[in-house]
Each structure stands twice: as structure tokens, then as C-alpha cells.
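**Q** For reference, the file model_7.cif (mmCIF, C-alpha atoms) is included below:
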```cif
data_query
#
loop_
_atom_site.label_atom_id
_atom_site.label_comp_id
_atom_site.auth_asym_id
_atom_site.auth_seq_id
_atom_site.Cartn_x
_atom_site.Cartn_y
_atom_site.Cartn_z
CA MET A 65 13.74 -10.51 -11.53
CA ASP A 66 13.90 -6.82 -11.50
CA SER A 67 17.35 -5.66 -12.45
CA ARG A 68 17.49 -3.07 -9.74
CA THR A 69 17.30 -5.62 -7.03
CA SER A 70 18.90 -8.66 -8.60
CA ASP A 71 22.15 -7.96 -6.86
CA GLN A 72 20.57 -8.06 -3.48
CA PRO A 73 20.50 -10.98 -1.12
CA THR A 74 17.23 -12.81 -0.78
CA GLY A 75 15.73 -15.10 1.75
CA PRO A 76 14.96 -14.90 5.41
CA GLY A 77 17.71 -14.10 7.79
CA THR A 78 19.48 -11.63 5.61
CA VAL A 79 19.78 -8.06 6.67
CA PRO A 80 18.07 -5.06 5.11
CA GLY A 81 18.23 -4.87 1.38
CA VAL A 82 16.09 -7.92 0.93
CA ARG A 83 13.01 -8.06 -1.16
CA ALA A 84 10.15 -8.75 1.13
CA GLU A 85 8.36 -11.53 -0.68
CA ALA A 86 10.94 -13.16 -2.82
CA ALA A 87 10.47 -16.77 -1.83
CA PRO A 88 9.49 -18.92 -4.77
CA GLY A 89 6.14 -20.57 -4.64
CA THR A 90 4.69 -18.54 -1.83
CA VAL A 91 3.06 -15.79 -3.83
CA PRO A 92 1.61 -17.43 -6.93
CA GLY A 93 -0.53 -14.46 -7.82
CA ILE A 94 2.30 -12.03 -8.11
CA VAL A 95 3.14 -10.47 -11.43
CA PRO A 96 6.17 -8.22 -11.41
CA ALA A 97 5.44 -4.88 -12.96
CA ALA A 98 8.17 -5.60 -15.47
CA ALA A 99 6.14 -8.43 -16.94
CA SER A 100 2.88 -6.57 -16.88
CA PRO A 101 2.13 -4.55 -20.00
CA ALA A 102 0.21 -1.47 -19.10
CA GLY A 103 -2.30 -2.26 -21.81
CA GLY A 104 -3.46 -5.40 -20.06
CA ASP A 105 -5.00 -3.75 -17.04
CA PRO A 106 -7.96 -1.41 -17.01
CA PRO A 107 -7.03 2.20 -16.31
CA LEU A 108 -8.78 4.15 -13.61
CA ARG A 109 -11.90 5.99 -14.54
CA ALA A 110 -11.16 9.53 -15.58
CA THR A 111 -13.48 10.70 -12.81
CA ALA A 112 -11.56 8.91 -10.03
CA ARG A 113 -10.45 11.36 -7.41
CA ASP A 114 -10.44 9.67 -4.04
CA GLY A 115 -7.99 6.88 -3.29
CA LEU A 116 -8.69 4.71 -0.25
CA LYS A 117 -6.44 2.17 1.43
CA ILE A 118 -6.86 -1.10 3.21
CA VAL A 119 -3.73 -2.89 4.37
CA ILE A 120 -3.37 -6.64 4.48
CA VAL A 121 -0.71 -7.58 6.98
CA GLY A 122 0.69 -11.02 7.34
CA GLY A 123 3.81 -13.02 7.85
CA PHE A 124 6.02 -14.32 5.11
CA GLY A 125 4.00 -16.53 2.79
CA ALA A 126 0.73 -16.02 4.64
CA GLY A 127 -1.10 -15.35 1.38
CA LYS A 128 -1.26 -11.57 1.22
CA THR A 129 -0.64 -11.28 -2.49
CA THR A 130 -3.04 -14.12 -3.16
CA MET A 131 -5.68 -12.25 -1.21
CA VAL A 132 -5.03 -9.02 -3.07
CA GLY A 133 -5.21 -10.86 -6.38
CA ALA A 134 -8.50 -12.55 -5.47
CA VAL A 135 -10.40 -9.27 -5.58
CA SER A 136 -8.21 -6.83 -7.50
CA GLU A 137 -9.34 -5.55 -10.88
CA ILE A 138 -5.70 -5.49 -11.98
CA ARG A 139 -3.15 -8.20 -11.56
CA PRO A 140 -1.32 -7.53 -8.31
CA LEU A 141 1.58 -5.20 -8.88
CA SER A 142 4.78 -5.13 -6.96
CA THR A 143 6.83 -2.09 -6.23
CA GLU A 144 9.36 -1.06 -3.72
CA GLU A 145 10.23 1.67 -1.33
CA VAL A 146 13.71 2.77 -0.43
CA MET A 147 14.38 3.96 3.06
CA THR A 148 17.47 4.84 4.98
CA ARG A 149 18.60 2.46 7.67
CA ALA A 150 17.22 4.86 10.18
CA GLY A 151 13.78 4.31 8.74
CA ILE A 152 13.54 7.77 7.30
CA GLY A 153 12.04 8.23 3.89
CA ILE A 154 14.54 9.49 1.39
CA ASP A 155 13.68 12.36 -0.86
CA ASP A 156 16.80 12.49 -2.93
CA PRO A 157 17.07 10.07 -5.83
CA SER A 158 20.83 10.34 -5.91
CA ARG A 159 20.94 8.51 -2.62
CA VAL A 160 18.99 5.49 -3.76
CA ARG A 161 22.11 3.42 -4.21
CA ASP A 162 23.59 4.38 -0.88
CA LYS A 163 24.74 1.55 1.29
CA ASN A 164 22.68 3.01 4.07
CA THR A 165 19.41 2.53 2.27
CA THR A 166 17.11 -0.43 2.47
CA THR A 167 14.78 -1.62 -0.23
CA VAL A 168 11.51 -3.28 0.67
CA ALA A 169 9.05 -4.64 -1.84
CA PHE A 170 5.31 -4.69 -1.39
CA ASP A 171 2.33 -5.66 -3.49
CA PHE A 172 -0.97 -4.00 -4.16
CA GLY A 173 -4.12 -4.20 -6.20
CA ARG A 174 -7.17 -2.04 -6.65
CA ILE A 175 -10.93 -2.12 -6.65
CA THR A 176 -12.95 0.65 -8.27
CA LEU A 177 -15.79 1.36 -5.85
CA ASN A 178 -17.66 3.96 -7.87
CA ASP A 179 -16.99 6.83 -10.25
CA LEU A 180 -15.06 8.78 -7.65
CA GLN A 181 -13.54 6.28 -5.26
CA VAL A 182 -10.96 3.59 -5.78
CA LEU A 183 -9.82 1.25 -3.05
CA TYR A 184 -6.21 0.11 -2.99
CA LEU A 185 -5.29 -3.07 -1.19
CA PHE A 186 -1.75 -3.28 0.06
CA GLY A 187 0.07 -6.40 1.11
CA ALA A 188 2.42 -5.31 3.86
CA PRO A 189 5.38 -7.52 4.63
CA GLY A 190 5.02 -8.62 8.21
CA GLN A 191 8.64 -8.96 9.16
CA GLN A 192 9.73 -6.73 11.95
CA ARG A 193 12.63 -5.33 9.98
CA PHE A 194 10.17 -3.71 7.57
CA TRP A 195 8.35 -1.70 10.21
CA PHE A 196 9.45 1.53 8.55
CA LEU A 197 7.25 0.79 5.55
CA TRP A 198 4.19 0.27 7.68
CA GLU A 199 3.93 3.85 8.79
CA GLN A 200 3.46 4.83 5.19
CA LEU A 201 0.98 2.07 4.47
CA PHE A 202 -1.01 2.68 7.64
CA ALA A 203 -1.23 6.44 7.20
CA GLY A 204 -4.72 7.31 6.05
CA ALA A 205 -5.75 3.66 5.76
CA LEU A 206 -9.32 2.70 6.63
CA GLY A 207 -8.17 -0.36 8.50
CA ALA A 208 -6.27 -3.61 8.18
CA VAL A 209 -6.80 -7.29 7.74
CA VAL A 210 -4.28 -9.45 9.56
CA LEU A 211 -3.89 -12.61 7.55
CA VAL A 212 -2.78 -15.48 9.75
CA ASP A 213 -1.06 -18.65 8.71
CA THR A 214 -1.81 -20.99 11.59
CA ARG A 215 1.43 -22.85 11.03
CA ARG A 216 3.22 -19.65 11.93
CA ILE A 217 0.94 -17.80 14.28
CA ALA A 218 3.83 -16.04 15.99
CA ASP A 219 4.52 -14.19 12.73
CA SER A 220 1.39 -12.14 13.43
CA TRP A 221 2.24 -10.98 16.91
CA TYR A 222 4.43 -8.11 15.89
CA ALA A 223 2.01 -6.88 13.22
CA ILE A 224 -0.87 -6.85 15.69
CA ASP A 225 1.28 -5.01 18.17
CA ARG A 226 2.07 -2.33 15.61
CA LEU A 227 -1.55 -2.00 14.55
CA GLU A 228 -2.63 -1.51 18.14
CA ALA A 229 0.11 1.03 18.70
CA HIS A 230 -0.62 3.08 15.58
CA PRO A 231 -3.61 2.71 16.20
CA LEU A 232 -5.26 1.24 13.13
CA PRO A 233 -8.36 -0.92 13.58
CA PHE A 234 -8.18 -4.42 12.18
CA VAL A 235 -9.83 -7.76 11.84
CA VAL A 236 -8.00 -11.08 11.84
CA ALA A 237 -8.54 -13.60 9.07
CA VAL A 238 -7.19 -17.11 9.42
CA ASN A 239 -6.15 -18.29 6.00
CA ARG A 240 -7.31 -21.85 5.42
CA PHE A 241 -5.55 -21.91 2.09
CA ASP A 242 -4.11 -25.36 2.39
CA ASP A 243 -7.48 -27.02 2.98
CA ALA A 244 -6.16 -28.33 6.26
CA PRO A 245 -8.53 -27.84 9.16
CA GLY A 246 -5.95 -26.26 11.45
CA PRO A 247 -6.60 -25.17 14.99
CA PRO A 248 -10.06 -23.86 15.86
CA LEU A 249 -10.61 -20.12 15.92
CA GLU A 250 -10.77 -19.92 19.67
CA ARG A 251 -7.31 -21.37 19.98
CA VAL A 252 -6.07 -18.87 17.43
CA ARG A 253 -7.69 -16.09 19.44
CA ASP A 254 -5.92 -17.27 22.56
CA ALA A 255 -2.60 -17.65 20.79
CA LEU A 256 -2.85 -14.11 19.45
CA ASP A 257 -4.19 -12.78 22.75
CA LEU A 258 -6.85 -10.92 20.81
CA ASP A 259 -9.18 -8.48 22.44
CA PRO A 260 -12.74 -9.89 22.49
CA GLY A 261 -13.81 -6.93 20.40
CA VAL A 262 -11.61 -7.90 17.47
CA SER A 263 -13.36 -9.87 14.75
CA LEU A 264 -11.75 -13.21 13.98
CA ILE A 265 -12.84 -15.05 10.87
CA GLU A 266 -11.75 -17.86 8.62
CA CYS A 267 -11.08 -17.24 4.99
CA ASP A 268 -9.64 -18.78 1.89
CA ALA A 269 -7.50 -16.04 0.39
CA ARG A 270 -7.57 -17.77 -2.98
CA ARG A 271 -11.29 -17.26 -3.29
CA ARG A 272 -12.83 -14.02 -4.35
CA ALA A 273 -16.00 -14.49 -2.33
CA SER A 274 -14.08 -15.37 0.81
CA THR A 275 -11.71 -12.43 0.48
CA LYS A 276 -14.63 -10.15 -0.24
CA THR A 277 -16.27 -11.35 2.95
CA ALA A 278 -13.11 -10.62 4.92
CA LEU A 279 -13.00 -7.07 3.60
CA ILE A 280 -16.69 -6.54 4.31
CA THR A 281 -16.13 -7.84 7.83
CA LEU A 282 -13.50 -5.15 8.29
CA VAL A 283 -15.81 -2.41 7.02
CA ARG A 284 -18.61 -3.59 9.31
CA HIS A 285 -16.16 -3.67 12.20
CA LEU A 286 -15.15 -0.08 11.47
CA THR A 287 -18.78 0.91 11.29
CA ALA A 288 -19.49 -0.75 14.62
CA LEU A 289 -16.60 1.11 16.24
CA HIS A 290 -18.49 4.32 15.60
CA ASP A 291 -21.10 3.17 18.08
CA LEU A 292 -18.61 2.79 20.89
CA PRO A 293 -18.07 5.61 23.38
CA ALA A 294 -15.49 8.12 22.27
CA SER A 295 -12.82 6.75 24.55
CA ALA A 296 -13.23 3.27 23.13
CA ALA A 297 -13.44 4.58 19.61
CA ALA A 298 -9.88 5.72 20.05
CA ARG A 299 -9.26 1.98 20.11
CA GLU A 300 -7.85 1.72 23.53
CA PRO A 301 -8.23 -1.81 24.77
CA VAL A 302 -11.51 -2.20 26.58
CA THR A 303 -10.99 -3.06 30.21
CA MET B 202 9.94 23.87 -30.34
CA SER B 203 8.69 25.45 -27.20
CA ASP B 204 11.20 26.05 -24.52
CA PRO B 205 10.23 24.06 -21.47
CA PRO B 206 12.05 24.77 -18.27
CA SER B 207 15.11 22.61 -18.34
CA LEU B 208 15.62 20.18 -15.52
CA GLU B 209 19.12 19.34 -16.59
CA GLY B 210 22.06 20.35 -14.51
CA GLU B 211 20.09 21.14 -11.40
CA GLU B 212 20.69 19.71 -8.01
CA PRO B 213 18.46 16.70 -7.38
CA ASP B 214 17.31 18.14 -4.11
CA ARG B 215 16.65 21.54 -5.61
CA LEU B 216 12.94 21.66 -5.02
CA TYR B 217 12.76 20.69 -1.45
CA ILE B 218 14.71 19.32 1.38
CA VAL B 219 12.42 18.08 3.99
CA THR B 220 13.53 19.09 7.38
CA GLY B 221 14.69 16.11 9.27
CA GLY B 222 12.98 13.79 6.85
CA ARG B 223 10.43 12.62 9.37
CA GLY B 224 7.23 10.79 8.50
CA ALA B 225 5.45 14.10 8.22
CA ALA B 226 7.74 14.79 5.32
CA VAL B 227 5.33 12.86 3.12
CA PRO B 228 2.82 15.52 2.23
CA VAL B 229 -0.71 14.24 2.02
CA GLU B 230 -1.00 15.16 -1.62
CA LEU B 231 1.65 12.60 -2.45
CA ASP B 232 0.31 9.72 -0.48
CA LEU B 233 0.70 6.30 -2.06
CA VAL B 234 -2.88 6.56 -3.27
CA THR B 235 -2.83 10.18 -4.37
CA LEU B 236 -4.13 10.18 -7.92
CA VAL B 237 -2.05 11.99 -10.50
CA LEU B 238 -3.24 13.38 -13.80
CA ALA B 239 -1.07 14.93 -16.51
CA GLU B 240 -1.95 18.40 -17.66
CA GLY B 241 -0.56 17.91 -21.15
CA GLU B 242 1.78 16.02 -23.39
CA PRO B 243 5.44 15.69 -22.49
CA ALA B 244 7.48 18.57 -23.82
CA GLY B 245 10.50 18.09 -26.02
CA GLY B 246 13.74 17.90 -24.14
CA MET B 247 12.03 16.84 -20.97
CA GLN B 248 13.81 14.35 -18.74
CA SER B 249 12.71 10.91 -19.86
CA GLU B 250 11.31 9.89 -16.48
CA HIS B 251 9.18 12.99 -16.36
CA ALA B 252 7.91 12.32 -19.86
CA GLU B 253 7.13 8.74 -18.94
CA ILE B 254 5.04 9.85 -15.99
CA LEU B 255 3.12 12.31 -18.11
CA ARG B 256 2.36 9.65 -20.72
CA SER B 257 1.21 7.21 -18.03
CA CYS B 258 -1.39 9.52 -16.58
CA ARG B 259 -2.32 11.53 -19.66
CA TYR B 260 -5.89 10.33 -20.09
CA HIS B 261 -6.61 8.51 -16.85
CA PRO B 262 -5.47 9.27 -13.35
CA MET B 263 -2.90 6.97 -11.86
CA ALA B 264 -2.01 6.52 -8.21
CA VAL B 265 1.49 7.34 -7.03
CA VAL B 266 2.06 3.71 -6.10
CA GLU B 267 0.89 2.47 -9.48
CA LEU B 268 3.19 4.89 -11.27
CA SER B 269 5.98 3.51 -9.14
CA ALA B 270 5.16 -0.08 -10.09
CA ARG B 271 4.59 0.52 -13.78
CA LEU B 272 7.61 2.74 -14.20
CA ARG B 273 9.65 0.39 -12.04
CA MET B 274 10.99 3.11 -9.84
CA PRO B 275 10.92 3.16 -6.05
CA VAL B 276 8.12 5.19 -4.56
CA SER B 277 10.56 7.72 -3.10
CA VAL B 278 12.01 8.42 -6.50
CA VAL B 279 8.61 8.79 -8.10
CA ARG B 280 7.67 11.29 -5.41
CA VAL B 281 10.67 13.42 -6.25
CA LEU B 282 9.79 13.37 -9.93
CA LEU B 283 6.16 14.18 -9.19
CA ARG B 284 7.15 17.13 -7.08
CA ASP B 285 9.21 18.38 -10.00
CA LEU B 286 6.18 18.10 -12.25
CA LEU B 287 3.87 19.67 -9.70
CA ALA B 288 6.23 22.62 -9.37
CA LEU B 289 6.14 23.01 -13.15
CA GLY B 290 2.37 22.78 -13.26
CA ARG B 291 2.48 19.73 -15.54
CA ILE B 292 0.41 17.48 -13.34
CA THR B 293 -2.40 17.83 -10.89
CA ALA B 294 -2.64 15.69 -7.79
CA ARG B 295 -5.87 14.47 -6.25
CA PRO B 296 -5.14 13.69 -2.61
CA PRO B 297 -7.14 11.01 -0.81
CA ALA B 298 -10.17 12.94 0.36
CA SER B 299 -11.67 10.28 2.61
CA ALA B 300 -8.53 9.16 4.39
CA PRO B 301 -9.06 9.25 8.14
CA ALA B 302 -6.61 11.20 10.25
CA ARG B 303 -4.36 9.16 12.50
CA ALA B 304 -6.28 7.43 15.27
CA GLU B 305 -9.58 8.56 13.74
CA LEU B 306 -12.18 6.29 12.23
CA PRO B 307 -13.22 6.70 8.61
CA ASP B 308 -16.50 8.60 8.50
CA LEU B 309 -19.71 6.63 8.19
CA ALA B 310 -20.51 7.93 4.72
CA THR B 311 -17.18 6.66 3.45
CA LEU B 312 -17.68 3.29 5.10
CA LYS B 313 -21.10 2.99 3.52
CA GLN B 314 -19.66 3.72 0.09
CA VAL B 315 -16.89 1.18 0.56
CA LEU B 316 -19.39 -1.40 1.75
CA VAL B 317 -21.59 -0.91 -1.28
CA GLY B 318 -18.57 -1.03 -3.58
CA LEU B 319 -17.37 -4.28 -2.05
CA GLN B 320 -20.80 -5.84 -2.13
CA ASN B 321 -20.97 -5.10 -5.84
CA LEU B 322 -17.81 -7.06 -6.48
#
```
Would you mind writing the file out in C-alpha cells?
**A**
Amino acid sequence: MDSRTSDQPTGPGTVPGVRAEAAPGTVPGIVPAAASPAGGDPPLRATARDGLKIVIVGGFGAGKTTMVGAVSEIRPLSTEEVMTRAGIGIDDPSRVRDKNTTTVAFDFGRITLNDLQVLYLFGAPGQQRFWFLWEQLFAGALGAVVLVDTRRIADSWYAIDRLEAHPLPFVVAVNRFDDAPGPPLERVRDALDLDPGVSLIECDARRRASTKTALITLVRHLTALHDLPASAAAREPVT
Amino acid sequence: MSDPPSLEGEEPDRLYIVTGGRGAAVPVELDLVTLVLAEGEPAGGMQSEHAEILRSCRYHPMAVVELSARLRMPVSVVRVLLRDLLALGRITARPPASAPARAELPDLATLKQVLVGLQNL
């Protein structure tokens, strides 16, 4: 455990100051940066000059880090952001230990797309109390994948609400990671009250091909949005 | 030894205080995925965190968020250090060129490039 956060409470139900994804066994792919020698991961190409973002949003234990790890060219890294209670980014390192600051951890990986572009995948903690991090993750992102654990569908409601409000276009991927059949997609769509225009797919976040398909589905969805009239392209719900 | 500008003894908020600290306080050039490249070796007497950043992105660019993870410092702290280094001309920052503005779609050329990149995975 990272020494900077070892004195903080963990587990659901605690107030700010919690690491977002600290539950044992839920994020098997995670490798703390502390245990990850820089020599083990490929560096970016020297020509890289355009970083892109896709955000994977999901509830606690929905498989976000697993999904990142399935396609990332580096082992998923974890880092943290420190914000004031008011949700304002701090810019003064001397305040990092203030009681009024909150630490939230998040994971990411990367995919080199070509000589110039590199895509970063961020796993965004879905809990409502971490909303302040989302603004930073959503800013400039291409879009989002909402990863749904059907045992805890309600965990996705708030994330979807925030995505619609931002607005940031998204697709919804139902993680069938436990090999259980789970409810059919149409029931998931109803439970999430998804707009008919939102793509809903199944995936297995452990599998590279399946995760790749989910990301491609998002990119195709974004491409299709270009064909909508301007008013709809602003992602207002179609009535 | 050359005489690099000393960072010791200065106020931590010397370089900037962002008015009100709103979301807009995160300048686009220091987005999480802004790529940072060192412009040279660390200078003697340089604050160790600054030197560590310069070593990390000496030969290959590194994103702000990856510097944060590998140096095990919160993103906010890394941003402060990077602004120091930017002000001293010791790093260059490559902001995300294809990032869509809020409520805008990514342009079609970008989407095509991402699609091809993903399909090649």
C-alpha cells in the first residue's frame, strides 16, 4: 500500500479520504505504481504528441481496471488526485495534507494508436462522492464506456446522469465477467432508462477482443452522432 | 557548476495562484494527457522532484498522469512542479491536439484514426 494513503480509512461508507478502488479482490489487474519498475513498460514513442482520452465509468468492482488492463500496452497504473472538500482542484502542494482535502485514486492505461497519437483509458470511480474527479477526466475526452455490473445496476445511474449532464457521449457495456448469464440486455436497458440511441452491448472485460470491441463500438457511436442534426449532435435526448 | 535558478526558499504558490480555483484553472496544456518532454538533463542543486521529472521524460514524452503515477505524487502536485519547470524552460508540453471542446464531438478524422488504431490492436 502506498505510504501516502496508508493512514486513510478504506472501504465503502467512509467519508472522503478513501481510496476509490481499495477493495481486495475486485481489481485483479491493478499494479500500484510503487511496484511497477519504469523499465518494465514501453515508453511512449518520441514522436508522440497528441494524447486522447476515453473514460471507463463503473461502480465499485464493476471491472474498470480489468478492462483497462485487457487492452493497455502498459500494466494499469494507479494514481491519485487531491481535491478540496469543495471539489476545487488544489494548486498548492503545501495544502496536500490539509484536513479539508480529499484523495481519490484512479487507474489508467494506454494504447499507442500511431506515431503521433496515444489513447489513454481512464477508470473513473463511479461513486457519487468522487464526482469532482470526473470533470477532469471528462474534459477533452472522446467519450465514455459505462461498465455495468448487473448485480449492482443502480451503481450506474449516477454515472449516466453525469455523462448526460456534461454532456459526454457514451455506450453501455454489460460486463459478463462472472460467466453468469444475468438479465437480458433489454431488461438492463429498461433498468437504466437508456435512450434508444445509446448503444448497449455485452462484454467480458477480461478479454482483450471483447474490450476492443466495446471501444470500437464507442468510436462508431461517436462517428454516427456526426450524422445527426446539429441539435441532436449536442446530445440532447431525442424526443 | 552552472548556476540554475534556485527554487529553494520560494513560496510554493509563487508562480501562479489561480483565481478562484475553478475547473478552468486547469490549463489545457496541463491536461492529464498532456505529454511532457524534458529539454535537458537535471541541473545540479535542482529540487529532487524536479530532477526526477526531467529524468522521467528525458528521451520519451510522458503524460502528466503517468508522471504522477510513476513518481507517486498526486496529479495536483505534479502540475505545480511542471509549471515550475515550464516557467524555467526546462520542459516542453504537448497539449492534446485532438481533444474535443466541451459538448462537441471529436472530429471525424480523429475518430477514423482512433478506429484504425483500435482495429490494429
**Q** So what do you get for CA of Asn239 (chain A) versus CA of Arg139 (chain A), distance-wise?
**A**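 CA of Arg139 (chain A) lies 20.5 Å from CA of Asn239 (chain A).
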**Q** Evaluate the PyMOL selection byres ((chain A) within 6 of (chain B)) and record the selected residues as number ranges by chain, following the chain and residue labels used in the document.
**A** A: 97, 108, 110, 113-115, 142-145, 156-157, 177, 204, 206, 231
**Q** If you measure from CA of Leu264 (chain A) to CA of Arg251 (chain A), what distance in Å do you get, rounded to one decimal?
**A** 11.1 Å
**Q** Write out as an MDAnalysis selection string which residues come within 6 Å of Ala134 (chain A) when counting all atoms listed in the file, dropping same-chain ones fewer than 2 positions away.
**A** chainID A and resid 131:132 270:272
**Q** Would you mind reading off the distance between CA of Gly173 (chain A) and CA of Gly127 (chain A), one decimal, in Å?
**A**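 Going from CA of Gly173 (chain A) over to CA of Gly127 (chain A) covers 13.8 Å.
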**Q** Which of these residues is nearest to Leu232 (chain A), using all atoms listed in the file: A:Asp213, A:Glu199, A:Asp179, A:Asp268?
**A**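 That would be A:Glu199, the residue with the smallest distance to Leu232 (chain A).
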**Q** Fewer than 3 positions away in the same chain doesn't count, so skip those; otherwise give me all residues within 9 Å of Arg256 (chain B), counting all atoms listed in the file, as a list in words.
**A** Ala239, Gly241, Glu242, Pro243, His251, Ala252, Glu253, Arg259 and Tyr260 of chain B
**Q** For a quick check of understanding, using all atoms listed in the file, which of A:Pro245, A:Gly104, A:Pro233, A:Gly122 has the smallest distance to Ala188 (chain A)?
**A** A:Gly122
**Q** From the set A:Leu183, A:Ile120, A:Ile265, A:Leu258, which residue has the shortest atom-to-atom contact distance to Phe170 (chain A), counting all atoms listed in the file?
**A**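 Of the candidates, the smallest distance to Phe170 (chain A) is held by A:Ile120.
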**Q** Just want the 10 Å neighbourhood of Glu240 (chain B), counted on all atoms listed in the file, with same-chain residues fewer than 5 positions away dropped. Output as a PyMOL selection string.
**A** chain B and resi 255+258-260+286-287+290-293
**Q** Rank A:Val135, A:Val238, A:Ala288, A:Ala229 by their smallest atom-to-atom distance to Arg216 (chain A), using only C-alpha atoms, and report the top residue only.
**A**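 Of A:Val135, A:Val238, A:Ala288, A:Ala229, the one nearest Arg216 (chain A) is A:Val238, counting only C-alpha atoms.
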